[in-house]
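What follows is the content of entry-v5.txt, which has compact mmCIF, C-alpha atoms:
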```txt
# COMPACT_ATOMS: atom_id res chain seq x y z
CA MET K 20 2.83 28.26 2.78
CA ALA K 21 -0.93 28.38 3.20
CA VAL K 22 -3.88 28.74 0.86
CA LYS K 23 -7.04 30.58 1.80
CA PHE K 24 -10.39 29.03 0.92
CA GLU K 25 -13.64 30.95 1.07
CA PHE K 26 -17.00 29.32 0.35
CA TYR K 27 -20.62 29.20 1.41
CA LEU K 28 -22.57 26.32 2.96
CA SER K 29 -26.30 25.81 2.80
CA ASP K 30 -28.21 26.43 6.03
CA LYS K 31 -28.70 22.68 6.50
CA ASP K 32 -24.99 21.95 6.03
CA ALA K 33 -24.08 24.83 8.34
CA ASP K 34 -26.36 23.32 11.01
CA ARG K 35 -24.64 19.94 10.47
CA PHE K 36 -21.26 21.66 10.81
CA TRP K 37 -22.16 23.32 14.14
CA ALA K 38 -23.63 20.04 15.43
CA VAL K 39 -20.44 18.13 14.54
CA LYS K 40 -18.34 20.82 16.19
CA GLU K 41 -20.41 20.52 19.37
CA ASP K 42 -20.39 16.69 19.28
CA LYS K 43 -16.58 16.64 18.94
CA GLY K 44 -16.25 18.96 21.94
CA LYS K 45 -14.40 21.60 19.95
CA ASN K 46 -16.18 24.55 21.55
CA THR K 47 -12.88 26.38 22.17
CA LEU K 48 -12.20 26.62 18.42
CA THR K 49 -13.68 29.24 16.13
CA GLY K 50 -15.80 28.07 13.22
CA ASN K 51 -12.93 28.67 10.78
CA GLU K 52 -10.42 26.81 12.96
CA PHE K 53 -12.72 23.83 13.29
CA ALA K 54 -13.52 23.89 9.55
CA ARG K 55 -9.78 23.82 8.78
CA GLU K 56 -9.22 20.92 11.22
CA LEU K 57 -12.18 19.01 9.80
CA LEU K 58 -11.12 19.54 6.19
CA GLU K 59 -7.50 18.59 6.90
CA GLY K 60 -8.64 15.38 8.59
CA VAL K 61 -10.86 14.39 5.68
CA LEU K 62 -8.14 15.23 3.15
CA HIS K 63 -5.63 13.04 4.99
CA GLN K 64 -8.14 10.18 5.01
CA LEU K 65 -8.92 10.55 1.31
CA HIS K 66 -5.33 11.12 0.21
CA PRO K 67 -2.78 10.10 2.88
CA LEU K 68 0.23 10.35 0.55
CA THR K 69 2.22 13.54 0.07
CA VAL K 70 1.47 14.99 -3.35
CA GLN K 71 4.54 15.22 -5.60
CA TYR K 72 4.98 16.92 -8.94
CA ASP K 73 7.36 16.13 -11.78
CA GLU K 74 9.88 18.96 -12.06
CA ASP K 75 10.04 18.78 -15.86
CA THR K 76 6.36 18.49 -16.75
CA GLY K 77 4.67 19.92 -13.67
CA LEU K 78 2.28 16.95 -13.68
CA ARG K 79 1.37 15.18 -10.48
CA ILE K 80 3.24 11.93 -9.86
CA ARG K 81 0.70 9.26 -9.07
CA GLU K 82 1.43 6.39 -6.71
CA PRO K 83 0.20 2.86 -7.58
CA GLU K 84 -2.30 3.05 -4.69
CA GLU K 85 -4.02 5.99 -6.40
CA GLU K 86 -4.70 3.90 -9.49
CA ARG K 87 -6.88 1.45 -7.60
CA THR K 88 -10.36 0.87 -8.88
CA TYR K 89 -11.28 -1.52 -6.06
CA GLN K 90 -10.65 -1.47 -2.31
CA THR K 91 -9.40 -5.04 -1.86
CA VAL K 92 -7.24 -7.50 -3.78
CA LYS K 93 -10.11 -10.00 -3.79
CA GLU K 94 -12.48 -7.48 -5.36
CA ALA K 95 -9.87 -6.49 -7.97
CA ILE K 96 -9.29 -10.11 -8.96
CA GLU K 97 -12.98 -10.94 -9.12
CA LYS K 98 -13.77 -7.88 -11.26
CA ARG K 99 -10.59 -7.92 -13.38
CA GLN K 100 -10.62 -7.02 -17.04
CA TYR K 101 -10.21 -9.91 -19.43
CA THR K 102 -7.67 -9.25 -22.17
CA SER K 103 -6.08 -11.21 -24.98
CA TYR K 104 -2.87 -11.53 -22.94
CA GLY K 105 -4.20 -14.46 -20.95
CA PHE K 106 -5.37 -15.40 -17.49
CA TYR K 107 -2.03 -14.98 -15.66
CA SER K 108 -1.50 -11.52 -17.10
CA ASP K 109 -5.05 -10.41 -16.26
CA VAL K 110 -4.74 -11.49 -12.62
CA ALA K 111 -1.26 -9.97 -12.29
CA ARG K 112 -2.50 -6.65 -13.70
CA ALA K 113 -5.43 -6.66 -11.29
CA MET K 114 -3.07 -7.09 -8.33
CA GLU K 115 -0.45 -4.59 -9.53
CA PRO K 116 -1.63 -1.49 -7.57
CA TYR K 117 -1.67 -3.37 -4.25
CA SER K 118 1.24 -3.64 -1.85
CA LEU K 119 3.08 -6.88 -1.17
CA GLN K 120 1.52 -6.96 2.29
CA GLU K 121 -2.01 -6.72 0.85
CA VAL K 122 -1.36 -9.51 -1.65
CA PHE K 123 0.26 -11.62 1.09
CA ASP K 124 -2.74 -11.04 3.39
CA TYR K 125 -5.13 -12.03 0.59
CA TYR K 126 -3.20 -15.24 -0.06
CA THR K 127 -2.83 -16.24 3.59
CA LYS K 128 -6.16 -15.07 5.03
CA VAL K 129 -8.64 -15.29 2.17
CA LEU K 130 -7.22 -18.27 0.30
CA GLY K 131 -5.92 -20.01 3.41
CA GLY K 132 -2.39 -20.34 2.08
CA ALA K 133 -0.52 -19.55 5.30
CA ARG K 134 0.98 -23.05 5.67
CA GLU K 135 2.12 -23.17 2.03
CA MET K 136 3.56 -19.67 2.24
CA ARG K 137 5.47 -20.53 5.40
CA THR K 138 6.91 -23.64 3.74
CA ILE K 139 8.02 -21.62 0.71
CA LEU K 140 9.61 -18.94 2.90
CA GLU K 141 11.37 -21.50 5.11
CA ASP K 142 12.75 -23.27 2.02
CA LYS K 143 14.04 -19.99 0.55
CA ILE K 144 15.59 -18.88 3.86
CA THR K 145 17.22 -22.29 4.37
CA ALA K 146 18.63 -22.27 0.81
CA ASP K 147 20.01 -18.77 1.40
CA GLU K 148 21.65 -19.84 4.68
CA ILE K 149 23.18 -22.90 2.99
CA ALA K 150 24.58 -20.72 0.20
CA LYS K 151 26.08 -18.30 2.74
CA ALA K 152 27.58 -21.17 4.75
CA LYS K 153 29.12 -22.67 1.61
CA TYR K 154 30.57 -19.32 0.64
CA ARG K 155 32.12 -18.93 4.10
CA GLY K 156 33.41 -22.52 4.04
CA GLU K 157 31.36 -23.63 7.06
CA GLN K 158 30.00 -26.88 5.66
CA PRO K 159 32.29 -29.91 5.55
CA ASN K 160 30.93 -31.20 2.24
CA ASN K 161 31.15 -27.97 0.27
CA ARG K 162 33.37 -27.82 -2.80
CA ILE K 163 35.05 -24.53 -1.98
CA ASP K 164 37.46 -24.30 0.93
CA ILE K 165 37.79 -20.57 1.64
CA SER K 166 40.67 -21.09 4.09
CA LYS K 167 42.88 -22.64 1.38
CA GLY K 168 41.45 -20.55 -1.47
CA ARG K 169 41.06 -23.46 -3.87
CA LEU K 170 38.64 -26.16 -4.99
CA ARG K 171 38.73 -29.51 -3.21
```

The structure in this file should be written as structure tokens.
Amino acid sequence: MAVKFEFYLSDKDADRFWAVKEDKGKNTLTGNEFARELLEGVLHQLHPLTVQYDEDTGLRIREPEEERTYQTVKEAIEKRQYTSYGFYSDVARAMEPYSLQEVFDYYTKVLGGAREMRTILEDKITADEIAKAKYRGEQPNNRIDISKGRLR
């Protein structure tokens, strides 16, 4: 499905449009074709997510990224709103719209917590591997012997 748009540009903006078309080397495209390509590119930059609508209400479903007031986690934390819920809640709410990767990058790159984060991750992975080994009966000092199906 396609939607037709029809609008007017000022002479100055039209001159800018033709200059951009020439600079991009799009001389084989018509003005309308280039305008469509240009507008589609800008729309994808401004809103990269596919727009979805709720079937019951018809309202647009917003992703957490769309609710961002600030570009970076650091900026969101520094300019967070102070509420009566307390410091931890205020910081957590400021970080909520950002992905795990963005929060991780902020912690490791901005705060310099890469070594601490690695230690935490290694401890969690090691604990998980120990739990799996115990469940499978691989460790000699575990309390459950899977092969005999009973406690030692």

Next on the checklist: What does the structure give for the distance between atom CA of Asp147 of chain K and atom CA of Val129 of chain K, in Å to one decimal?
Outcome noted: 28.9 Å

Next on the checklist: I need the residue nearest Glu97 of chain K from this list: K:Val110, K:Glu52, K:Phe26, K:Lys40. Use all atoms listed in the file for the distance.
Outcome noted: K:Val110

Item to check | Gap from atom CA of Thr88 of chain K to atom CA of Gly105 of chain K - Å, one decimal | outcome: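 Computing it gives 20.5 Å between the two atoms.
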
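Distance annotation: of K:Ala33, K:Ala21, K:Leu58, K:Val92, the residue with the minimal separation from Leu130 of chain K is K:Val92; atom set is all atoms listed in the file.
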
Next on the checklist: Let me make sure I understand: among K:Leu65, K:Leu48, K:Met114, K:Ile139, which one has the smallest atom-to-atom distance to Glu94 of chain K if we use all atoms listed in the file?
Outcome noted: K:Met114

Next on the checklist: One decimal, in Å: what's the spacing between atom CA of Ala113 of chain K and atom CA of Arg79 of chain K?
Outcome noted: 22.9 Å

Item to check | Pick from K:Asn46, K:Thr145, K:Gln90, K:Ser103 nearest to Glu121 of chain K, counting all atoms listed in the file | outcome: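 Nearest to Glu121 of chain K: K:Gln90.
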
Box in all listed atoms of segment 32-37 of chain K, axis-aligned, with 8 Å more on each side; write out centre and edge lengths in Å to one decimal as lines of an AutoDock Vina configuration file.
```
center_x = -23.8
center_y = 22.4
center_z = 10.1
size_x = 21.1
size_y = 20.9
size_z = 24.1
```

Would you kindly place N, CA and C atoms on segment 36-70 of chain K and return the model as a short mmCIF file (atom, residue, chain, number, x, y, z; two decimals), in the coordinates of the input?
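Just written: part-v5.cif:
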```cif
data_model
loop_
_atom_site.label_atom_id
_atom_site.label_comp_id
_atom_site.auth_asym_id
_atom_site.auth_seq_id
_atom_site.Cartn_x
_atom_site.Cartn_y
_atom_site.Cartn_z
N PHE K 36 -22.61 21.27 10.41
CA PHE K 36 -21.26 21.66 10.81
C PHE K 36 -21.21 22.03 12.29
N TRP K 37 -22.15 22.89 12.74
CA TRP K 37 -22.16 23.32 14.14
C TRP K 37 -22.46 22.14 15.07
N ALA K 38 -23.32 21.22 14.62
CA ALA K 38 -23.63 20.04 15.43
C ALA K 38 -22.40 19.13 15.58
N VAL K 39 -21.66 18.94 14.49
CA VAL K 39 -20.44 18.13 14.54
C VAL K 39 -19.42 18.78 15.45
N LYS K 40 -19.28 20.08 15.35
CA LYS K 40 -18.34 20.82 16.19
C LYS K 40 -18.68 20.63 17.66
N GLU K 41 -19.96 20.71 17.98
CA GLU K 41 -20.41 20.52 19.37
C GLU K 41 -20.19 19.07 19.82
N ASP K 42 -20.54 18.10 18.94
CA ASP K 42 -20.39 16.69 19.28
C ASP K 42 -18.92 16.30 19.52
N LYS K 43 -18.02 16.92 18.79
CA LYS K 43 -16.58 16.64 18.94
C LYS K 43 -15.97 17.36 20.14
N GLY K 44 -16.76 18.24 20.78
CA GLY K 44 -16.25 18.96 21.94
C GLY K 44 -15.23 20.02 21.58
N LYS K 45 -15.36 20.61 20.42
CA LYS K 45 -14.40 21.60 19.95
C LYS K 45 -14.93 23.03 20.15
N ASN K 46 -15.56 23.26 21.28
CA ASN K 46 -16.18 24.55 21.55
C ASN K 46 -15.16 25.68 21.73
N THR K 47 -13.90 25.34 22.00
CA THR K 47 -12.88 26.38 22.17
C THR K 47 -12.37 26.90 20.83
N LEU K 48 -12.65 26.19 19.74
CA LEU K 48 -12.20 26.62 18.42
C LEU K 48 -13.23 27.52 17.77
N THR K 49 -12.75 28.43 16.93
CA THR K 49 -13.68 29.24 16.13
C THR K 49 -14.23 28.35 15.02
N GLY K 50 -15.23 28.82 14.33
CA GLY K 50 -15.80 28.07 13.22
C GLY K 50 -14.77 27.82 12.13
N ASN K 51 -13.97 28.83 11.81
CA ASN K 51 -12.93 28.67 10.78
C ASN K 51 -11.85 27.68 11.22
N GLU K 52 -11.44 27.74 12.47
CA GLU K 52 -10.42 26.81 12.96
C GLU K 52 -10.92 25.37 12.90
N PHE K 53 -12.17 25.17 13.32
CA PHE K 53 -12.72 23.83 13.29
C PHE K 53 -12.91 23.35 11.85
N ALA K 54 -13.34 24.25 10.96
CA ALA K 54 -13.52 23.89 9.55
C ALA K 54 -12.18 23.45 8.95
N ARG K 55 -11.10 24.19 9.28
CA ARG K 55 -9.78 23.82 8.78
C ARG K 55 -9.38 22.44 9.31
N GLU K 56 -9.58 22.21 10.61
CA GLU K 56 -9.22 20.92 11.22
C GLU K 56 -10.03 19.78 10.60
N LEU K 57 -11.29 20.02 10.39
CA LEU K 57 -12.18 19.01 9.80
C LEU K 57 -11.76 18.70 8.37
N LEU K 58 -11.51 19.73 7.58
CA LEU K 58 -11.12 19.54 6.19
C LEU K 58 -9.77 18.85 6.08
N GLU K 59 -8.81 19.24 6.91
CA GLU K 59 -7.50 18.59 6.90
C GLU K 59 -7.61 17.11 7.23
N GLY K 60 -8.45 16.78 8.22
CA GLY K 60 -8.64 15.38 8.59
C GLY K 60 -9.23 14.56 7.47
N VAL K 61 -10.23 15.10 6.80
CA VAL K 61 -10.86 14.39 5.68
C VAL K 61 -9.88 14.25 4.52
N LEU K 62 -9.11 15.30 4.24
CA LEU K 62 -8.14 15.23 3.15
C LEU K 62 -7.07 14.17 3.41
N HIS K 63 -6.62 14.07 4.65
CA HIS K 63 -5.63 13.04 4.99
C HIS K 63 -6.21 11.64 4.88
N GLN K 64 -7.50 11.50 5.17
CA GLN K 64 -8.14 10.18 5.01
C GLN K 64 -8.28 9.83 3.53
N LEU K 65 -8.69 10.80 2.72
CA LEU K 65 -8.92 10.55 1.31
C LEU K 65 -7.62 10.41 0.52
N HIS K 66 -6.59 11.14 0.93
CA HIS K 66 -5.33 11.12 0.21
C HIS K 66 -4.17 11.21 1.19
N PRO K 67 -3.80 10.07 1.83
CA PRO K 67 -2.78 10.10 2.88
C PRO K 67 -1.36 10.38 2.38
N LEU K 68 -1.12 10.16 1.10
CA LEU K 68 0.23 10.35 0.55
C LEU K 68 0.52 11.82 0.30
N THR K 69 1.80 12.19 0.40
CA THR K 69 2.22 13.54 0.07
C THR K 69 2.18 13.69 -1.45
N VAL K 70 1.59 14.76 -1.91
CA VAL K 70 1.47 14.99 -3.35
C VAL K 70 2.82 15.47 -3.88
#
```
